[in-house]
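Student: Take this structure, written in structure tokens, and hold onto it; I'll ask about it next.
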Amino acid sequence: MSAIRVLIVDDQELLRRGLRMILETDPSIDVVGEAENGTRALALIPELAPDVVLADARMPVLDGLGLVKQCAASHPGLPVLVLTTFDDARLVRELLDAGAAGFLLKDISTDALTDAIRQVLAGGLVLDPRVARAALSPAQPSDRHPALTEAERSVADLVARGMPNAEIAARLHLAHGTVKNTVSALLRKLDEPDRTALALRLARGVDA
């Protein structure tokens, strides 16, 4: 299996180099390039063909939000994972609405960061729990997903955490097809257009 190709985008050279060193300790990840802002990243994407873009939210010229929007338009399917020190609920909502694959704070551990890269590559949505609480204001656990069956609720809780179907199946000891069918049922029952919208709805609570 080939390594995951990652493009790092941050206006601070020291941070870019630090992230490169951290990520390259994992043999399954290959940092294919660095960019100092979103505009430079967009110029490099066709040449470097990254699988995942890891970007800072706050940058000159073109920031993380602008990069997410332009990637969604020009490179649909390329996940942009936003990494920042800013715990800004409004910014998080704007990034997710624009199509960001996730939002993490910069104090994340190395293992959690590499896991997040794998999750967004698999189609998952990754949110730091502290960010999710601030931005999405989820309901209390006892009030969540009242319209769902017990089986649907178990899958829904993991979808809300951004897990892909294969990981959900392994966690719940279910067949992959069962999880896929349950997610399809959740999309129909909650009238959501896609998995990202479903995850956001579930993180907020079914009645949100």
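Chain labels follow the order of the structure tokens: the first chain is A, the next B, and so on; residue numbering restarts at 1 in every chain, and ligands are counted from 1 in their shown order.
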Could you pull the residues within 8 Å of region 42-51 of chain A, counting only C-alpha atoms, minus those fewer than 4 positions along the same chain, as a tab-separated table (two decimals) with N, CA, C and O atoms, in the first residue's frame?
Tutor:
```tsv
chain	number	residue	atom	x	y	z
A	4	ILE	N	0.52	7.75	2.32
A	4	ILE	CA	-0.43	8.86	2.18
A	4	ILE	C	0.37	10.13	1.90
A	4	ILE	O	1.24	10.53	2.67
A	5	ARG	N	0.05	10.79	0.79
A	5	ARG	CA	0.76	11.99	0.36
A	5	ARG	C	0.11	13.22	1.00
A	5	ARG	O	-1.07	13.49	0.79
A	6	VAL	N	0.90	13.96	1.80
A	6	VAL	CA	0.39	15.10	2.55
A	6	VAL	C	1.09	16.38	2.13
A	6	VAL	O	2.32	16.42	2.01
A	7	LEU	N	0.31	17.43	1.91
A	7	LEU	CA	0.84	18.78	1.65
A	7	LEU	C	0.58	19.62	2.89
A	7	LEU	O	-0.56	19.73	3.35
A	32	VAL	N	4.81	15.49	0.83
A	32	VAL	CA	5.27	15.72	-0.54
A	32	VAL	C	5.60	17.17	-0.81
A	32	VAL	O	6.19	17.49	-1.85
A	33	GLY	N	5.22	18.06	0.12
A	33	GLY	CA	5.54	19.47	-0.11
A	33	GLY	C	5.04	20.36	0.99
A	33	GLY	O	4.31	19.93	1.90
A	35	ALA	N	3.76	24.67	1.72
A	35	ALA	CA	3.36	25.96	1.14
A	35	ALA	C	3.14	26.95	2.27
A	35	ALA	O	2.72	26.57	3.37
A	38	GLY	N	-2.42	29.69	1.19
A	38	GLY	CA	-3.35	28.93	0.39
A	38	GLY	C	-3.14	29.08	-1.11
A	38	GLY	O	-3.33	28.12	-1.87
A	67	LEU	N	-8.76	28.59	1.25
A	67	LEU	CA	-8.19	27.38	0.65
A	67	LEU	C	-9.22	26.26	0.58
A	67	LEU	O	-9.34	25.57	-0.44
A	71	CYS	N	-10.45	24.66	-2.87
A	71	CYS	CA	-10.22	23.23	-3.08
A	71	CYS	C	-11.52	22.51	-3.39
A	71	CYS	O	-11.56	21.63	-4.25
A	78	LEU	N	-10.60	16.18	-2.52
A	78	LEU	CA	-9.32	16.33	-1.83
A	78	LEU	C	-9.60	16.86	-0.42
A	78	LEU	O	-10.02	18.01	-0.26
A	79	PRO	N	-9.40	16.05	0.62
A	79	PRO	CA	-9.71	16.51	1.97
A	79	PRO	C	-8.72	17.54	2.49
A	79	PRO	O	-7.50	17.38	2.33
A	121	LEU	N	-8.85	10.79	4.90
A	121	LEU	CA	-8.58	10.13	3.62
A	121	LEU	C	-9.63	9.06	3.34
A	121	LEU	O	-10.02	8.83	2.19
```
Student: Extract, using only C-alpha atoms, all DNA, RNA and protein residues at most 7 Å from Arg161 (chain A), discarding same-chain residues fewer than 3 positions from it, and format them as an MDAnalysis selection string.
Tutor: chainID A and resid 126 157:158
Student: Could those residues be written to a file, using all heavy atoms, as an mmCIF file, in the first residue's frame?
Tutor:
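The result, written out as selection_18.cif:
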```
data_model
loop_
_atom_site.group_PDB
_atom_site.id
_atom_site.type_symbol
_atom_site.label_atom_id
_atom_site.label_comp_id
_atom_site.auth_asym_id
_atom_site.auth_seq_id
_atom_site.Cartn_x
_atom_site.Cartn_y
_atom_site.Cartn_z
ATOM 1 N N VAL A 126 -13.361 14.755 10.933
ATOM 2 C CA VAL A 126 -12.611 14.742 12.188
ATOM 3 C C VAL A 126 -12.740 16.086 12.882
ATOM 4 O O VAL A 126 -12.399 17.129 12.316
ATOM 5 C CB VAL A 126 -11.125 14.431 11.937
ATOM 6 C CG1 VAL A 126 -10.345 14.485 13.245
ATOM 7 C CG2 VAL A 126 -10.965 13.065 11.288
ATOM 8 N N ASP A 157 -23.642 7.387 16.805
ATOM 9 C CA ASP A 157 -22.675 8.003 17.708
ATOM 10 C C ASP A 157 -21.269 7.984 17.117
ATOM 11 O O ASP A 157 -20.483 8.917 17.313
ATOM 12 C CB ASP A 157 -22.679 7.279 19.060
ATOM 13 C CG ASP A 157 -23.889 7.629 19.907
ATOM 14 O OD1 ASP A 157 -24.489 8.696 19.657
ATOM 15 O OD2 ASP A 157 -24.239 6.841 20.802
ATOM 16 N N LEU A 158 -20.929 6.934 16.378
ATOM 17 C CA LEU A 158 -19.598 6.832 15.781
ATOM 18 C C LEU A 158 -19.500 7.629 14.481
ATOM 19 O O LEU A 158 -18.446 8.189 14.175
ATOM 20 C CB LEU A 158 -19.229 5.363 15.549
ATOM 21 C CG LEU A 158 -19.176 4.509 16.829
ATOM 22 C CD1 LEU A 158 -18.754 3.083 16.501
ATOM 23 C CD2 LEU A 158 -18.238 5.116 17.861
#
```
Student: Env of region 109-111 of chain A: 9 Å cut, atoms = only C-alpha atoms, seq-sep filter 5 positions within chain, self excluded. Answer as an MDAnalysis selection string.
Tutor: chainID A and resid 22:23 116
Student: May I have the residues from that selection written out with N, CA, C and O atoms, as a tab-separated table (two decimals), in the first residue's frame?
Tutor:
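The resulting file, again.tsv, is shown below:
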```
chain	number	residue	atom	x	y	z
A	22	ILE	N	7.37	15.50	12.41
A	22	ILE	CA	6.43	14.66	13.16
A	22	ILE	C	5.78	13.63	12.24
A	22	ILE	O	5.74	12.43	12.54
A	23	LEU	N	5.28	14.08	11.11
A	23	LEU	CA	4.55	13.18	10.21
A	23	LEU	C	5.46	12.14	9.59
A	23	LEU	O	5.06	11.00	9.36
A	116	ALA	N	-6.00	11.17	12.38
A	116	ALA	CA	-6.94	12.09	11.74
A	116	ALA	C	-6.71	12.14	10.23
A	116	ALA	O	-7.66	12.17	9.45
```
Student: Write out as a ChimeraX atom specification which residues come within 7 Å of Ala101 (chain A) when counting only C-alpha atoms, dropping same-chain ones fewer than 2 positions away.
Tutor: /A:79-81,99,120,125-126
Student: Generate a file of the selected residues that holds all heavy atoms, formatted as a short mmCIF file (atom, residue, chain, number, x, y, z; two decimals), in the first residue's frame.
Tutor:
```cif
data_model
loop_
_atom_site.label_atom_id
_atom_site.label_comp_id
_atom_site.auth_asym_id
_atom_site.auth_seq_id
_atom_site.Cartn_x
_atom_site.Cartn_y
_atom_site.Cartn_z
N PRO A 79 -9.40 16.05 0.62
CA PRO A 79 -9.71 16.51 1.97
C PRO A 79 -8.72 17.54 2.49
O PRO A 79 -7.50 17.38 2.33
CB PRO A 79 -9.66 15.23 2.81
CG PRO A 79 -8.81 14.29 2.03
CD PRO A 79 -8.95 14.65 0.60
N VAL A 80 -9.24 18.61 3.09
CA VAL A 80 -8.42 19.64 3.72
C VAL A 80 -8.68 19.58 5.22
O VAL A 80 -9.81 19.82 5.68
CB VAL A 80 -8.74 21.04 3.19
CG1 VAL A 80 -7.85 22.08 3.87
CG2 VAL A 80 -8.57 21.10 1.67
N LEU A 81 -7.65 19.22 5.97
CA LEU A 81 -7.73 19.11 7.42
C LEU A 81 -7.10 20.37 8.02
O LEU A 81 -5.93 20.66 7.76
CB LEU A 81 -6.98 17.86 7.88
CG LEU A 81 -6.98 17.51 9.37
CD1 LEU A 81 -8.40 17.33 9.90
CD2 LEU A 81 -6.16 16.24 9.60
N GLY A 99 -16.69 22.94 3.54
CA GLY A 99 -16.27 21.62 3.09
C GLY A 99 -14.99 21.09 3.69
O GLY A 99 -14.42 20.12 3.18
N VAL A 120 -9.67 11.21 7.49
CA VAL A 120 -10.23 12.08 6.45
C VAL A 120 -9.97 11.49 5.06
O VAL A 120 -10.78 11.66 4.14
CB VAL A 120 -9.69 13.53 6.54
CG1 VAL A 120 -10.08 14.16 7.87
CG2 VAL A 120 -8.18 13.60 6.33
N LEU A 125 -15.09 12.57 8.92
CA LEU A 125 -15.07 13.97 9.37
C LEU A 125 -14.43 13.97 10.75
O LEU A 125 -14.88 13.26 11.64
CB LEU A 125 -16.49 14.53 9.44
CG LEU A 125 -16.63 15.95 10.01
CD1 LEU A 125 -16.02 16.97 9.05
CD2 LEU A 125 -18.10 16.27 10.26
N VAL A 126 -13.36 14.76 10.93
CA VAL A 126 -12.61 14.74 12.19
C VAL A 126 -12.74 16.09 12.88
O VAL A 126 -12.40 17.13 12.32
CB VAL A 126 -11.12 14.43 11.94
CG1 VAL A 126 -10.35 14.48 13.24
CG2 VAL A 126 -10.97 13.07 11.29
#
```
Student: Give me every strand (DSSP E or B) residue in region 17-204 of chain A, going by DSSP on the backbone, as an MDAnalysis selection string.
Tutor: chainID A and resid 29:35 52:56 80:84 102:105 126:127
Student: Need the shell around Ala55 (chain A): protein/DNA/RNA residues with any atom at most 10 Å away, counting only C-alpha atoms. Skip same-chain ones fewer than 6 positions apart. Format as a PyMOL selection string?
Tutor: chain A and resi 7-11+16+34-38+41+63-65+67-68+80-84+103
Student: To one decimal place, how far is CA of Gly18 (chain A) from CA of Asp97 (chain A) in Å?
Tutor: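 The value is 29.1 Å.
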Student: Which one is closest to Thr182 (chain A): A:Val155, A:Leu113, A:Met163, A:Leu200? Count only C-alpha atoms.
Tutor: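 Residue with the minimum atom-to-atom distance to Thr182 (chain A): A:Val155.
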